[in-house]
Amino acid sequence: MHIPELLAPVGSKEALIAAIENGADAVYFGGKLFSARQYASNFTREELEWAIDYAHKRSVKAYVTVNTLVKDSELEEASDYLQFLCNAGADAVIVQDMGILRLVREQMPELPVHASTQMTIHNVEGVKFLQEMGVKRVVLARELSLDEIHRIKSQTGIEVETFIHGALCFSYSGQCLLSSMIGGRSGNRGYCAQPCRKKYRMKGIDGYLLSPKDLNMSEHIGSLVEAGIDSFKIEGRMKRHEYVAGVVRVYRKLIDRYFEAPQDFRVTEDEKHTLLQLFNRGFTTGYFFGNPGSRLMSRKYPYNIGTELGTVVDYEPLKKFVSIKLNAPLRIGDGIGIGEAGVIVRKISVGNRMVNSASSGSTVRIPFESEVARGDAVFKTYDSGLMTALETGNLKKIPIKITIKARIGEPVELCVNDGENEIAVQGGIVSQAERKPISRQSIAEQLTKLGSTFFEAKEITFDIDENIFIPVSELNELRRNAVAELGTERAQKWKRRCGKPEIGAEKRNTEPKPLLSVNTASVEGLEAAVDSGADVVYFGGETFGKTLEKEDYSYAIEYGREKETSVFVSTPRIVKEIGNLTNLNPDGYLVANLGVLYHLHKQDMNKPIVIDYPFNVFNRLTMDYLLDYSQRVTLSPELTLQEIKNLTPFGQTECIVHGFFPLMVSEHGLVSSLFSSGRDSDFLLKDEKGFSFPIRTDTQNRTYVMNSRELCMIEHVPDIVKAGVGCLRIEAKTYDKHKTGEITRAYREAMNKRMGRSCEGEYTTGHYFRGVA
């Protein structure tokens, strides 16, 4: 049975050391560039090379995150960075951007690529697409069940990596625009402001409505192994190094324990307590065993709650002291939380006595600035004793064989061998002992003093004359030089000589007259769009409310043909099992995920394809690649008009110019988990600043958080056309037929006359003029 890799998060040097010392098989970390955790410490280039070498010397793999979307203006910098990582010996790069992925696979075949979870890979066909591109490993979407993972593994054989512990996102990774739309901080670019951890209100219910619990699969190691998962990934590049040490240590023990005796596997109470204490918002098994519904969410606590400590029995508002009845020990240096307030404990009194610690059952009095109420639960959010215990790991030792050759009149020679590499160093001429010869025992004592290194001597062999003398200082020098060179050799063997990838993408012919498209999921909306001047109507995809039947599609396609308007079947961005899409005979397809693109491509049908915006097209390389499979590419809504203008010479492009579209798509049914009834269109998610986000639920009970303000670019239609955009799209799925017709006519007129007009009511121009970080 294959033992899975234990993959640890690293956000600092301290975390790297902690991960390796506590048993990680591999680590992942980012540099200062193109890393999806830009708020972590991350590494400079010098530190990256050190980190890769540090891991390799200790037989640990090092994966580097290059998992953000890359702007066209950054491609040269990204190319240079990839060359550096390749030469530095990274075991793989973790990539989100399709153009970067293609660049590496075609021009740097020696550098393995792992497809990031930001690519939203969630079906067999999507995996096969990447497999044919040469991707070595896929980090699957967190929303897959063990059965779905097993199906992907068994049908593709590709290396599969899944998160098994740590924070969860409310939205599918790679499909969240909420952070960028409300604050210009793009999660796709590594600057997520974590809006899912904020307070919201919906129809009288308030709390942290988008905040999931933390994933914890510690009790299900066997199920993960049986699903065929190759790499167990821990989330936490933003966490303290003690967290990394503790979580890695627990999972190392659990994996080893399972493979030693699967039938006797268990998680000890101490291990459960450690995981709880290190960080938790409540624990969940996520989607591994099916959709957990409301059990997924931590609506009361969006932050670490730690473990239960006790209960408030009194609060003195003038003196600002709280009295707590303990049901667990407390010591100076611990952190506690009551409600949303917290403090590091600096003073503890029991009765009239100041103490350094107090045992369970005691009533303690400590300073606490925030007013709290009797009966409030108290949590220990930081255990200073545990953290101290985690400071010392079990240093990973590499066994070596030592051979010493010492012949009188010849240089002494020392060889060290780790099973793969051998280093030989020489010292001075061996002389005959004038008094007391050096013994084999004395030689062995000096040569096996490896305590400060990551090596341990498993065997020592002597090839020496009798009655010899070698100074102890020389033996020590030989040992130090030999193991230092062996360490260097262990890192050096991973180095490469890679060329810098060239940024190439040919300019393509563009449509002289821009088209107007409308995206709708109702027959009435389609009729209104066709009758009001749309050139193309996308029909279907995510449907909110009434399920579309085959007859609806047939009618829509025929209606469009009668009016000489193209009708494309729109496909959802989340499709776990892809059925037959080719029996409807539409004019083309709007495709929102890699799996559907692969499926249609393999059908070898002669129908045009338009790539939808969930592909997150950010640069000419991604455009160029996807245009090999399509006639037109919808650009990311996070691009500015100027950035769009720079891309349009490289092929047919489409941009969303009007409407409400999803900023988040979640497998979690938000409305159904909070309310027993109500019309979907009635639900608005209100944030603390007063913005309201319409909530829609599709026929699969997935949640879509829409933009709070309607996108309106009609005033800037001439500028968009001048920028070379080949198709302007109206997102009309939230509109009735009257609104759809009215907006379609307005844009038709503006495009025909090349003249803008003012938007009505509250609206946004999205990122067209402000961009993202």
# chains A, B, ... in the order shown; residues from 1 in each chain; ligands from 1
>>> residues_around(residues="segment 498-507 of chain A", least_positions_apart="4", cutoff="8 Å", atoms="only C-alpha atoms", output="ChimeraX atom specification")
/A:75-76,79-80,82-83,86-87,103-104,107-108,620-621,624,649-651
>>> write_last_selection(atoms="C-alpha atoms", output="mmCIF file, in the first residue's frame")
data_model
loop_
_atom_site.group_PDB
_atom_site.id
_atom_site.type_symbol
_atom_site.label_atom_id
_atom_site.label_comp_id
_atom_site.auth_asym_id
_atom_site.auth_seq_id
_atom_site.Cartn_x
_atom_site.Cartn_y
_atom_site.Cartn_z
ATOM 1 C CA LEU A 75 5.286 37.911 -18.019
ATOM 2 C CA GLU A 76 8.973 38.715 -18.469
ATOM 3 C CA SER A 79 9.778 33.997 -16.957
ATOM 4 C CA ASP A 80 12.947 35.112 -15.200
ATOM 5 C CA LEU A 82 10.695 30.461 -13.270
ATOM 6 C CA GLN A 83 14.212 30.099 -14.679
ATOM 7 C CA CYS A 86 14.221 25.668 -12.119
ATOM 8 C CA ASN A 87 17.954 26.252 -11.656
ATOM 9 C CA LEU A 103 5.056 28.119 -20.745
ATOM 10 C CA VAL A 104 6.706 25.788 -18.222
ATOM 11 C CA GLN A 107 9.919 25.353 -22.570
ATOM 12 C CA MET A 108 11.037 23.930 -19.212
ATOM 13 C CA ARG A 620 -1.668 36.836 -23.815
ATOM 14 C CA LEU A 621 -0.171 33.396 -23.110
ATOM 15 C CA ASP A 624 -3.173 32.256 -27.076
ATOM 16 C CA PRO A 649 -4.404 42.327 -30.627
ATOM 17 C CA PHE A 650 -3.721 38.705 -29.686
ATOM 18 C CA GLY A 651 -7.146 37.398 -30.617
#
>>> select_by_dssp(residues="segment 176-359 of chain A", states="helix (DSSP H, G or I)", output="ChimeraX atom specification")
/A:178-183,187-189,195-197,218-226,241-260,262-264,269-278,293-296
>>> closest_residue(among="A:Val412, A:Leu584, A:Val138, A:Val355", to="Tyr555 of chain A", atoms="only C-alpha atoms")
A:Leu584
>>> residues_around(residues="Ile305 of chain A", least_positions_apart="5", cutoff="6 Å", atoms="only C-alpha atoms", output="PyMOL selection string")
chain A and resi 280-281+381
>>> residues_around(residues="segment 656-662 of chain A", least_positions_apart="3", cutoff="7 Å", atoms="only C-alpha atoms", output="count of residues only")
15
>>> closest_atom_pairs(of="segment 700-728 of chain A", to="segment 534-553 of chain A", cutoff="12 Å", atoms="only C-alpha atoms", output="tab-separated table")
residue	atom	partner	partner_atom	distance
A:Gln700	CA	A:Glu542	CA	9.0
A:Asn701	CA	A:Phe544	CA	9.4
A:Arg702	CA	A:Glu542	CA	9.4
A:Thr703	CA	A:Phe544	CA	9.8
A:Tyr704	CA	A:Phe544	CA	9.5
A:Gly726	CA	A:Asp535	CA	11.7
A:Cys727	CA	A:Val536	CA	9.2
A:Leu728	CA	A:Ala534	CA	10.0
>>> residues_around(residues="Gly351 of chain A", least_positions_apart="5", cutoff="12 Å", atoms="only C-alpha atoms", output="tab-separated table (two decimals) with N, CA and C atoms, in the first residue's frame")
chain	number	residue	atom	x	y	z
A	323	SER	N	-13.30	37.47	36.71
A	323	SER	CA	-13.10	36.25	37.51
A	323	SER	C	-13.64	35.07	36.72
A	324	ILE	N	-12.83	34.02	36.65
A	324	ILE	CA	-13.16	32.86	35.81
A	324	ILE	C	-13.07	31.59	36.63
A	358	ALA	N	-2.68	28.16	37.68
A	358	ALA	CA	-3.82	27.72	38.48
A	358	ALA	C	-4.38	26.45	37.87
A	362	SER	N	-10.10	25.87	40.03
A	362	SER	CA	-9.80	27.14	40.69
A	362	SER	C	-10.67	28.26	40.11
A	363	THR	N	-10.84	29.30	40.91
A	363	THR	CA	-11.42	30.55	40.42
A	363	THR	C	-10.32	31.59	40.40
A	364	VAL	N	-10.03	32.14	39.22
A	364	VAL	CA	-8.92	33.07	39.07
A	364	VAL	C	-9.45	34.46	38.72
A	365	ARG	N	-8.63	35.44	39.00
A	365	ARG	CA	-8.97	36.84	38.70
A	365	ARG	C	-7.82	37.41	37.87
A	366	ILE	N	-8.15	37.93	36.67
A	366	ILE	CA	-7.12	38.44	35.78
A	366	ILE	C	-7.57	39.76	35.16
>>> select_by_dssp(residues="segment 47-249 of chain A", states="strand (DSSP E or B)", output="ChimeraX atom specification")
/A:61-66,92-95,113-115,137-139,159-166,200-202,205-207,212,214-216,231-234
